[in-house]
>>> print(open('run17.csv').read())   # CSV, C-alpha atoms and all ligand atoms
chain,number,residue,atom,x,y,z
A,101,MET,CA,-92.0,-91.4,235.8
A,102,LYS,CA,-90.9,-92.2,232.3
A,103,ALA,CA,-88.4,-89.3,232.4
A,104,MET,CA,-87.0,-90.6,235.7
A,105,LEU,CA,-86.6,-94.1,234.3
A,106,PHE,CA,-84.9,-92.7,231.2
A,107,LEU,CA,-82.5,-90.6,233.4
A,108,GLY,CA,-81.7,-93.7,235.5
A,109,LEU,CA,-81.0,-95.7,232.4
A,110,THR,CA,-78.7,-93.0,231.0
A,111,LEU,CA,-76.8,-92.8,234.2
A,112,ALA,CA,-76.3,-96.5,234.4
A,113,ILE,CA,-75.0,-96.7,230.8
A,114,SER,CA,-72.7,-93.7,231.4
A,115,LEU,CA,-71.4,-95.3,234.6
A,116,LEU,CA,-70.6,-98.6,232.7
A,117,ALA,CA,-69.0,-96.7,229.8
A,118,SER,CA,-66.9,-94.5,232.0
A,119,ARG,CA,-65.6,-97.5,233.9
A,120,GLU,CA,-64.7,-99.1,230.6
A,121,PHE,CA,-63.0,-95.9,229.5
A,122,LEU,CA,-61.1,-95.4,232.7
A,123,SER,CA,-59.8,-99.0,232.7
A,124,MET,CA,-57.5,-98.0,229.8
A,125,HIS,CA,-55.6,-95.8,232.3
A,126,ARG,CA,-54.4,-99.0,234.2
A,127,PRO,CA,-51.1,-100.0,232.8
A,128,ASP,CA,-50.5,-103.6,231.5
A,129,GLU,CA,-48.1,-105.7,233.5
A,130,ILE,CA,-44.7,-107.0,232.5
A,131,PHE,CA,-42.8,-109.8,234.3
A,132,PRO,CA,-39.1,-109.2,233.5
A,133,SER,CA,-36.7,-112.1,233.1
A,134,GLN,CA,-34.1,-113.1,235.7
A,135,GLY,CA,-31.6,-111.3,233.5
A,136,LEU,CA,-33.0,-107.9,234.4
A,137,THR,CA,-30.2,-105.8,236.0
A,138,ALA,CA,-32.1,-102.5,236.6
A,139,SER,CA,-35.7,-101.4,236.5
A,140,ARG,CA,-36.1,-97.7,236.0
A,141,MET,CA,-38.5,-95.1,234.7
A,142,LEU,CA,-38.0,-92.6,232.0
A,143,SER,CA,-38.3,-89.9,234.6
A,144,ASP,CA,-35.0,-91.1,236.2
A,145,TYR,CA,-33.4,-89.7,233.1
A,146,PHE,CA,-35.6,-86.6,232.8
A,147,PRO,CA,-37.2,-85.8,236.2
A,148,ALA,CA,-39.8,-83.4,234.6
A,149,LEU,CA,-41.7,-86.5,233.5
A,150,LYS,CA,-42.2,-87.8,237.0
A,151,SER,CA,-45.9,-88.3,237.9
A,152,THR,CA,-46.9,-87.4,234.4
A,153,PRO,CA,-48.8,-89.7,232.0
A,154,GLY,CA,-45.7,-89.6,229.8
A,155,ASP,CA,-43.5,-91.5,232.3
A,156,THR,CA,-42.8,-95.1,231.3
A,157,PRO,CA,-40.8,-98.1,232.5
A,158,VAL,CA,-37.3,-98.7,231.3
A,159,TYR,CA,-35.8,-102.2,231.6
A,160,VAL,CA,-32.0,-102.6,231.6
A,161,TYR,CA,-30.1,-105.8,230.9
A,162,GLU,CA,-26.4,-105.3,231.3
A,163,GLY,CA,-23.7,-108.0,230.9
A,164,LYS,CA,-20.7,-108.4,233.1
A,165,GLU,CA,-18.4,-107.8,230.1
A,166,ARG,CA,-18.3,-104.6,228.0
A,167,GLY,CA,-19.9,-104.5,224.6
A,168,GLY,CA,-22.3,-102.5,222.5
A,169,HIS,CA,-25.2,-100.5,224.1
A,170,ILE,CA,-28.6,-101.0,222.4
A,171,LEU,CA,-31.9,-99.3,222.9
A,172,ILE,CA,-35.1,-101.1,221.7
A,173,LEU,CA,-38.4,-99.2,221.7
A,174,GLY,CA,-41.9,-100.6,221.3
A,175,GLY,CA,-45.1,-98.6,221.6
A,176,THR,CA,-44.0,-95.4,219.9
A,177,HIS,CA,-47.3,-95.9,218.2
A,178,PRO,CA,-49.6,-97.8,220.6
A,179,ASN,CA,-51.8,-99.1,217.8
A,180,GLU,CA,-48.9,-101.1,216.3
A,181,PRO,CA,-49.0,-104.2,218.5
A,182,ALA,CA,-46.1,-106.3,217.0
A,183,GLY,CA,-43.7,-103.5,218.0
A,184,TYR,CA,-44.5,-103.5,221.7
A,185,ILE,CA,-45.3,-107.3,222.0
A,186,THR,CA,-41.8,-107.9,220.6
A,187,ALA,CA,-40.3,-105.5,223.2
A,188,ILE,CA,-42.3,-107.3,226.0
A,189,LEU,CA,-41.1,-110.7,224.8
A,190,LEU,CA,-37.5,-109.5,225.0
A,191,ALA,CA,-38.1,-108.0,228.5
A,192,GLU,CA,-39.5,-111.3,229.7
A,193,ASN,CA,-36.8,-113.5,228.3
A,194,ILE,CA,-33.4,-112.1,227.7
A,195,ARG,CA,-30.2,-112.2,229.7
A,196,VAL,CA,-27.2,-110.2,228.4
A,197,ALA,CA,-23.7,-111.6,228.9
A,198,LYS,CA,-21.8,-108.9,227.0
A,199,GLY,CA,-22.9,-105.3,226.4
A,200,LYS,CA,-26.2,-103.8,227.4
A,201,ILE,CA,-29.8,-103.8,226.1
A,202,ILE,CA,-32.3,-101.3,227.3
A,203,VAL,CA,-36.0,-102.0,226.5
A,204,ILE,CA,-38.8,-99.4,226.6
A,205,PRO,CA,-42.0,-101.4,225.7
A,206,TRP,CA,-44.5,-98.5,225.9
A,207,ALA,CA,-42.6,-95.5,224.6
A,208,ASN,CA,-45.7,-93.3,224.4
A,209,ALA,CA,-47.4,-94.4,227.6
A,210,SER,CA,-50.1,-91.8,227.3
A,211,GLY,CA,-51.1,-93.2,223.9
A,212,PHE,CA,-52.0,-96.5,225.6
A,213,THR,CA,-54.7,-94.9,227.7
A,214,HIS,CA,-57.2,-94.3,224.9
A,215,SER,CA,-57.9,-95.7,221.5
A,216,ASP,CA,-58.3,-94.0,218.1
A,217,PRO,CA,-61.8,-92.3,217.9
A,218,GLN,CA,-64.3,-93.6,215.3
A,219,GLU,CA,-62.2,-96.7,214.5
A,220,GLY,CA,-64.3,-99.2,216.6
A,221,SER,CA,-61.0,-100.9,217.6
A,222,PRO,CA,-61.1,-103.3,220.5
A,223,GLN,CA,-59.4,-101.8,223.6
A,224,ARG,CA,-57.6,-105.0,224.3
A,225,PHE,CA,-56.5,-108.3,222.7
A,226,ASP,CA,-55.5,-111.6,224.3
A,227,ILE,CA,-52.7,-114.1,223.8
A,228,LYS,CA,-52.9,-117.6,225.1
A,229,THR,CA,-50.0,-118.5,227.4
A,230,ILE,CA,-49.4,-121.8,229.3
A,231,SER,CA,-51.1,-120.4,232.4
A,232,GLY,CA,-54.1,-118.8,230.7
A,233,ARG,CA,-55.0,-115.8,228.6
A,234,ARG,CA,-53.0,-112.6,228.9
A,235,TRP,CA,-54.6,-109.3,227.9
A,236,PHE,CA,-52.8,-106.4,226.3
A,237,LYS,CA,-54.1,-102.9,225.5
A,238,LEU,CA,-54.4,-101.6,222.0
A,239,GLY,CA,-53.9,-97.9,222.2
A,240,SER,CA,-53.9,-95.0,219.8
A,241,ARG,CA,-51.2,-93.8,217.4
A,242,VAL,CA,-51.0,-90.5,219.4
A,243,THR,CA,-50.9,-89.1,222.9
A,244,ASN,CA,-54.2,-88.9,224.8
A,245,PRO,CA,-55.8,-85.5,224.2
A,246,VAL,CA,-56.8,-85.5,227.9
A,247,HIS,CA,-53.1,-85.3,228.6
A,248,GLN,CA,-52.2,-82.8,225.9
A,249,TRP,CA,-54.8,-80.3,224.7
A,250,PRO,CA,-55.6,-78.5,222.4
A,251,ASP,CA,-53.9,-79.4,219.2
A,252,PRO,CA,-52.5,-76.4,217.3
A,253,THR,CA,-53.9,-75.8,213.8
A,254,ILE,CA,-50.4,-76.3,212.5
A,255,TYR,CA,-47.8,-78.1,214.5
A,256,VAL,CA,-44.2,-76.8,214.2
A,257,ASN,CA,-42.0,-79.6,215.6
A,258,PRO,CA,-38.7,-79.1,217.5
A,259,MET,CA,-36.8,-79.2,214.1
A,260,GLY,CA,-39.1,-76.5,212.6
A,261,GLN,CA,-41.0,-78.9,210.4
A,262,LYS,CA,-44.7,-77.8,209.8
A,263,LEU,CA,-47.2,-80.6,210.2
A,264,ALA,CA,-50.9,-81.1,210.7
A,265,GLY,CA,-52.1,-80.2,214.2
A,266,VAL,CA,-52.7,-83.8,215.4
A,267,GLU,CA,-49.0,-84.6,214.8
A,268,ALA,CA,-48.3,-82.6,217.9
A,269,ARG,CA,-49.2,-85.8,219.8
A,270,ASN,CA,-47.1,-88.1,217.6
A,271,LEU,CA,-44.0,-89.2,219.4
A,272,ASN,CA,-42.3,-90.1,216.1
A,273,ARG,CA,-42.5,-86.5,215.0
A,274,ALA,CA,-41.3,-84.9,218.3
A,275,TYR,CA,-37.6,-85.7,218.3
A,276,PRO,CA,-35.2,-84.5,219.6
A,277,GLY,CA,-37.9,-83.3,222.0
A,278,LYS,CA,-38.0,-80.2,224.1
A,279,ALA,CA,-37.4,-79.9,227.9
A,280,HIS,CA,-40.2,-77.3,228.2
A,281,GLY,CA,-42.4,-78.5,225.3
A,282,ASN,CA,-45.7,-80.3,225.2
A,283,LEU,CA,-45.9,-83.8,226.9
A,284,THR,CA,-45.0,-85.7,223.7
A,285,GLU,CA,-42.0,-83.5,223.2
A,286,LYS,CA,-41.0,-84.0,226.8
A,287,VAL,CA,-41.1,-87.8,226.3
A,288,ALA,CA,-38.9,-87.5,223.2
A,289,PHE,CA,-36.5,-85.3,225.2
A,290,GLY,CA,-36.4,-87.9,228.0
A,291,ILE,CA,-35.6,-90.7,225.4
A,292,MET,CA,-32.8,-88.5,224.0
A,293,LYS,CA,-31.4,-87.9,227.5
A,294,LEU,CA,-31.4,-91.7,228.1
A,295,ILE,CA,-29.6,-92.3,224.8
A,296,LYS,CA,-26.9,-89.9,225.8
A,297,GLU,CA,-26.5,-90.9,229.5
A,298,GLU,CA,-26.5,-94.6,228.7
A,299,ALA,CA,-24.0,-94.1,225.8
A,300,ILE,CA,-26.3,-95.9,223.4
A,301,ASP,CA,-24.6,-97.1,220.2
A,302,LEU,CA,-27.6,-98.2,218.3
A,303,GLY,CA,-31.3,-97.4,218.7
A,304,ILE,CA,-34.1,-99.6,217.1
A,305,ASP,CA,-37.7,-98.4,217.0
A,306,LEU,CA,-40.3,-101.2,216.4
A,307,HIS,CA,-43.3,-100.2,214.3
A,308,GLU,CA,-46.1,-101.6,212.1
A,309,SER,CA,-47.8,-100.1,209.1
A,310,ALA,CA,-50.8,-100.8,206.9
A,311,PRO,CA,-50.4,-103.3,204.1
A,312,GLU,CA,-51.3,-100.6,201.6
A,313,TYR,CA,-48.5,-98.4,202.7
A,314,PRO,CA,-45.3,-98.6,200.7
A,315,VAL,CA,-42.9,-98.5,203.7
A,316,ILE,CA,-43.6,-102.0,204.9
A,317,ASN,CA,-41.6,-105.1,205.8
A,318,ALA,CA,-38.9,-102.5,205.9
A,319,ILE,CA,-35.8,-101.5,207.6
A,320,VAL,CA,-35.6,-97.7,207.6
A,321,PHE,CA,-32.1,-96.5,208.4
A,322,HIS,CA,-30.2,-93.3,209.1
A,323,GLU,CA,-27.5,-92.8,206.6
A,324,ASN,CA,-24.9,-93.5,209.3
A,325,SER,CA,-26.4,-97.0,209.5
A,326,ALA,CA,-26.5,-97.9,205.8
A,327,ASP,CA,-23.8,-100.6,206.0
A,328,LEU,CA,-25.5,-102.1,209.0
A,329,ALA,CA,-28.9,-102.1,207.4
A,330,ALA,CA,-27.6,-103.6,204.1
A,331,LEU,CA,-25.7,-106.4,205.9
A,332,ALA,CA,-28.8,-107.2,208.1
A,333,GLN,CA,-30.9,-107.3,205.0
A,334,MET,CA,-28.6,-109.9,203.4
A,335,GLU,CA,-28.6,-111.9,206.6
A,336,LEU,CA,-32.4,-111.9,206.6
A,337,GLN,CA,-32.6,-112.8,203.0
A,338,ALA,CA,-30.5,-115.8,203.6
A,339,LYS,CA,-33.0,-116.9,206.3
A,340,GLY,CA,-35.9,-116.4,203.9
A,341,TYR,CA,-37.2,-113.0,205.2
A,342,GLU,CA,-37.7,-110.3,202.6
A,343,PHE,CA,-37.1,-106.8,204.0
A,344,ARG,CA,-36.9,-103.7,201.9
A,345,LEU,CA,-34.4,-101.0,202.7
A,346,GLU,CA,-35.5,-97.4,203.0
A,347,GLY,CA,-33.1,-94.5,203.7
A,348,SER,CA,-34.4,-92.0,206.2
A,349,PRO,CA,-35.3,-88.9,204.1
A,350,PRO,CA,-33.0,-86.0,205.3
A,351,ASN,CA,-35.8,-83.5,205.1
A,352,LEU,CA,-38.4,-85.4,207.1
A,353,ARG,CA,-37.6,-84.1,210.6
A,354,GLY,CA,-38.6,-85.2,214.1
A,355,LEU,CA,-38.5,-89.0,213.5
A,356,SER,CA,-36.4,-91.4,215.6
A,357,HIS,CA,-34.4,-92.7,212.6
A,358,ARG,CA,-33.5,-89.1,211.7
A,359,GLU,CA,-32.9,-87.2,215.0
A,360,TRP,CA,-31.3,-90.0,217.0
A,361,GLY,CA,-28.6,-90.2,214.3
A,362,ASP,CA,-28.3,-86.4,213.7
A,363,GLU,CA,-28.4,-85.2,217.3
A,364,ALA,CA,-27.1,-88.1,219.4
A,365,LYS,CA,-24.9,-89.5,216.6
A,366,ILE,CA,-26.0,-93.1,217.3
A,367,LYS,CA,-26.9,-95.6,214.7
A,368,ALA,CA,-30.6,-95.5,214.2
A,369,ILE,CA,-33.0,-98.0,212.6
A,370,LEU,CA,-36.8,-98.4,212.5
A,371,MET,CA,-38.6,-101.6,211.4
A,372,GLU,CA,-42.1,-102.0,210.0
A,373,THR,CA,-44.2,-105.1,209.8
A,374,PRO,CA,-47.7,-105.3,208.1
A,375,ASN,CA,-50.7,-104.8,210.3
A,376,ALA,CA,-54.1,-105.1,208.7
A,377,SER,CA,-55.9,-103.9,211.9
A,378,HIS,CA,-54.8,-100.4,211.5
A,379,GLY,CA,-55.1,-100.1,207.7
A,380,ARG,CA,-57.8,-98.3,205.8
A,381,LEU,CA,-59.0,-101.2,203.7
A,382,LYS,CA,-59.9,-103.5,206.6
A,383,GLY,CA,-63.3,-104.9,207.3
A,384,LYS,CA,-64.7,-105.2,210.8
A,385,PRO,CA,-62.2,-104.4,213.5
A,386,SER,CA,-61.8,-107.3,216.0
A,387,ILE,CA,-59.4,-109.0,218.3
A,388,SER,CA,-59.1,-111.7,215.7
A,389,LEU,CA,-58.0,-109.2,213.1
A,390,ILE,CA,-55.2,-108.0,215.4
A,391,VAL,CA,-54.1,-111.5,216.5
A,392,ASP,CA,-54.9,-113.8,213.5
A,393,GLY,CA,-54.5,-111.0,211.0
A,394,GLN,CA,-57.0,-112.4,208.4
A,395,ASP,CA,-59.2,-110.0,206.4
A,396,LYS,CA,-61.1,-110.8,203.2
A,397,TYR,CA,-60.9,-107.2,202.0
A,398,TYR,CA,-57.1,-107.1,202.3
A,399,GLU,CA,-57.1,-110.5,200.5
A,400,ARG,CA,-59.0,-109.0,197.7
A,401,ALA,CA,-56.8,-105.9,197.6
A,402,SER,CA,-53.8,-108.2,197.3
A,403,ARG,CA,-55.4,-110.0,194.4
A,404,LEU,CA,-56.0,-106.7,192.7
A,405,GLY,CA,-52.3,-105.8,193.2
A,406,ARG,CA,-53.0,-102.9,195.5
A,407,LEU,CA,-50.8,-103.9,198.4
A,408,PHE,CA,-47.1,-103.8,199.1
A,409,VAL,CA,-47.0,-107.2,200.8
A,410,PRO,CA,-48.6,-110.5,199.8
A,411,PHE,CA,-51.8,-111.1,201.7
A,412,GLY,CA,-53.4,-114.5,201.4
A,413,PRO,CA,-56.3,-116.2,203.1
A,414,GLU,CA,-54.0,-117.2,206.0
A,415,GLY,CA,-53.5,-113.4,206.7
A,416,ILE,CA,-50.5,-112.0,208.5
A,417,PRO,CA,-50.9,-113.0,212.1
A,418,LEU,CA,-49.3,-111.2,215.1
A,419,LYS,CA,-47.0,-114.1,215.7
A,420,SER,CA,-45.4,-113.9,212.3
A,421,ARG,CA,-45.1,-110.1,212.6
A,422,VAL,CA,-43.4,-110.5,216.0
A,423,GLY,CA,-41.3,-113.2,214.4
A,424,ARG,CA,-40.2,-110.8,211.7
A,425,HIS,CA,-39.2,-108.2,214.3
A,426,LEU,CA,-37.2,-110.8,216.2
A,427,ALA,CA,-35.5,-112.0,213.1
A,428,GLY,CA,-34.7,-108.4,212.2
A,429,LEU,CA,-33.3,-107.7,215.6
A,430,ASN,CA,-31.1,-110.8,215.5
A,431,ALA,CA,-29.8,-109.9,212.1
A,432,ILE,CA,-29.1,-106.3,213.1
A,433,LEU,CA,-27.2,-107.3,216.3
A,434,LYS,CA,-25.2,-109.9,214.3
A,435,SER,CA,-24.3,-107.4,211.6
A,436,LEU,CA,-23.3,-104.8,214.2
A,437,THR,CA,-20.7,-107.2,215.5
A,438,GLU,CA,-19.4,-108.0,212.0
A,439,LEU,CA,-18.9,-104.3,211.3
A,440,GLU,CA,-17.7,-103.3,214.8
A,441,PRO,CA,-16.5,-106.3,216.8
A,442,GLU,CA,-16.0,-104.2,220.0
A,443,LYS,CA,-19.8,-103.5,219.9
A,444,LEU,CA,-20.6,-107.2,220.4
A,445,VAL,CA,-23.8,-107.8,222.3
A,446,GLU,CA,-24.1,-111.3,223.6
A,447,VAL,CA,-27.8,-112.1,224.4
A,448,GLU,CA,-29.0,-115.4,225.9
A,449,ASN,CA,-32.5,-116.7,225.7
A,450,MET,CA,-33.5,-114.3,222.9
A,451,PRO,CA,-36.9,-115.6,221.7
A,452,ASP,CA,-36.4,-117.3,218.4
A,453,ALA,CA,-38.4,-116.0,215.4
A,454,ALA,CA,-39.1,-119.5,213.9
A,455,GLU,CA,-40.1,-120.8,217.3
A,456,VAL,CA,-42.5,-117.9,218.0
A,457,GLN,CA,-44.1,-118.6,214.6
A,458,ALA,CA,-44.4,-122.3,215.2
A,459,ARG,CA,-45.4,-122.4,218.9
A,460,GLY,CA,-47.1,-119.0,219.2
A,461,ILE,CA,-46.2,-115.9,221.2
A,462,GLY,CA,-47.7,-117.2,224.4
A,463,ALA,CA,-45.1,-119.9,224.7
A,464,SER,CA,-42.5,-117.3,225.3
A,465,LEU,CA,-44.6,-115.0,227.6
A,466,ARG,CA,-44.4,-115.4,231.4
A,501,ZN,ZN,-45.6,-96.5,213.6
>>> encode(input="run17.csv", output="C-alpha cells")
Amino acid sequence: MKAMLFLGLTLAISLLASREFLSMHRPDEIFPSQGLTASRMLSDYFPALKSTPGDTPVYVYEGKERGGHILILGGTHPNEPAGYITAILLAENIRVAKGKIIVIPWANASGFTHSDPQEGSPQRFDIKTISGRRWFKLGSRVTNPVHQWPDPTIYVNPMGQKLAGVEARNLNRAYPGKAHGNLTEKVAFGIMKLIKEEAIDLGIDLHESAPEYPVINAIVFHENSADLAALAQMELQAKGYEFRLEGSPPNLRGLSHREWGDEAKIKAILMETPNASHGRLKGKPSISLIVDGQDKYYERASRLGRLFVPFGPEGIPLKSRVGRHLAGLNAILKSLTELEPEKLVEVENMPDAAEVQARGIGASLR
C-alpha cells in the first residue's frame, strides 16, 4: 500500500514537472508594429531549417525610399534578456521610412526551449505593461541538447577553431555556419544566407555579459567597422553613456562580429550590457534579479573593485540595459549616415532610451 502511494506521488510530481518542462517549447508572442512590411521565417532563406527547432521568425521593416539595410539580432544567447527584449521593442514599435531594418528577436530559437542546468534560473520573467503583465522566457546560452546531441569532446567550428564540446551548441561560435552541419551551424548558415539575399550593409548582434567580465558596456567591432564604432562611441559619450570599444580579435573564429565581416563583407557590431543574473558572483537567482538587477554580492564585489562596471545598491535593471542597447543602436545608425550618407536609415517611432529608463519597458510594449 505504501509503495503504491509512493509510486502515485512520484507519478504526480513527474507529470507536473514534465508539463512545466514542456511549456518551455511554446514560443513567446510578438505583436509587430503597423510598420511591419513582411513577416518571414529563417527557413524562407534556408529551407533546410523548415520544421526544425532552429527555425525562427524574421520581421522586415522596409521603407518606400532606398537606404541602408540593417540586420538586428536578439537572442543569440537566450539567457541575455536585454538583447532580445530590445529586439522585441523594435519589432513592436518601429516604422521605417527610408532603408530597411530586419529584426530576428530569438536568433537561437532552440536555446529558448530550456534553461541552463544547475543554475536554478527562473524559466520566465514578467514585465508590467498598460494592459497587464507580459511574460518572457529566459533560455539557455546554448541550443537544447534534445535538439542537438551528443556534444563532441572537442568542437571544431566551421572555421577550424577548436573549442570545448559544449560550444558546438553556441550560435556565436558557429558562423559562417554549414549547410549540412549540426542544428546550430545550420541556423548560422541561414543567417548568413539572409545577410547575402537581403544585401545587408550592417549587422548588429545584441548581447549581455556578466559584470565581472571585461568585455562589458562594450561595442565590439569588426575592423571594417572601426570608424563607425568610434563615431558611435563619441556620440554616446556626448549623451552620457560610457561604452568601451573592443576590436574583434582576428584569431577568434566563428563569432558574428568576425565572420559576418569576413565572409559577407558587411559591417559587423556586437553590443554587451551588464547582466547580474547570468554572472558567477550572483546570489539567489530570481525574477527580480533579472528585471530589477539588484544583488548584494555584486554590490560588494564592486566595492572591492572586482567588477568592470559600477554596481551600486540600485543595481543595473533590465530597463537601463535595454535603454543602453537602444541608445547604442541610435548612435550607430546616426554614425552610419554620417560616414555613408547613401546608407541613411530613417526610422520612426524608435523607442527612446531615456523614455524606456524613465517609464519602464512595459510602456513601449504592446
Ligand atoms: Zn552573449
>>> residues_near_ligand(input="run17.csv", ligand="ligand ZN 501 (chain A)", cutoff="10 Å", atoms="only C-alpha atoms and all ligand atoms", output="count of residues only")
24
>>> closest_residue(input="run17.csv", among="A:Phe343, A:Tyr275, A:Phe289, A:Trp360", to="His322 of chain A", atoms="all atoms listed in the file")
A:Trp360
>>> residues_around(input="run17.csv", residues="Phe121 of chain A", least_positions_apart="4", cutoff="8 Å", atoms="all atoms listed in the file", output="MDAnalysis selection string")
chainID A and resid 117 125 214
>>> closest_residue(input="run17.csv", among="A:Asp128, A:Leu283, A:Pro258, A:Glu446", to="Lys164 of chain A", atoms="all atoms listed in the file")
A:Glu446
>>> residues_near_point(input="run17.csv", point="(-53.5, -96.9, 224.7)", cutoff="7 Å", atoms="all atoms listed in the file", output="compact mmCIF listing (two decimals) with C-alpha atoms, keeping the file's coordinate frame")
# COMPACT_ATOMS: atom_id res chain seq x y z
CA MET A 124 -57.50 -98.00 229.80
CA PRO A 178 -49.60 -97.80 220.60
CA SER A 210 -50.10 -91.80 227.30
CA GLY A 211 -51.10 -93.20 223.90
CA PHE A 212 -52.00 -96.50 225.60
CA THR A 213 -54.70 -94.90 227.70
CA HIS A 214 -57.20 -94.30 224.90
CA SER A 215 -57.90 -95.70 221.50
CA LYS A 237 -54.10 -102.90 225.50
CA LEU A 238 -54.40 -101.60 222.00
CA GLY A 239 -53.90 -97.90 222.20
CA SER A 240 -53.90 -95.00 219.80
>>> closest_residue(input="run17.csv", among="A:Thr229, A:Asn208, A:Asn449, A:Ser139", to="Val158 of chain A", atoms="only C-alpha atoms")
A:Ser139
>>> atom_distance(input="run17.csv", atom1="atom CA of Val287 of chain A", atom2="atom CA of Leu149 of chain A")
7.3 Å
>>> closest_residue(input="run17.csv", among="A:Ala209, A:Ala318, A:Ala112, A:Leu136", to="Gly154 of chain A", atoms="all atoms listed in the file")
A:Ala209
>>> residues_near_point(input="run17.csv", point="(-57.7, -109.0, 204.5)", cutoff="12 Å", atoms="all atoms listed in the file", output="ChimeraX atom specification")
/A:310-312,374-385,388-390,392-403,406-407,409-417
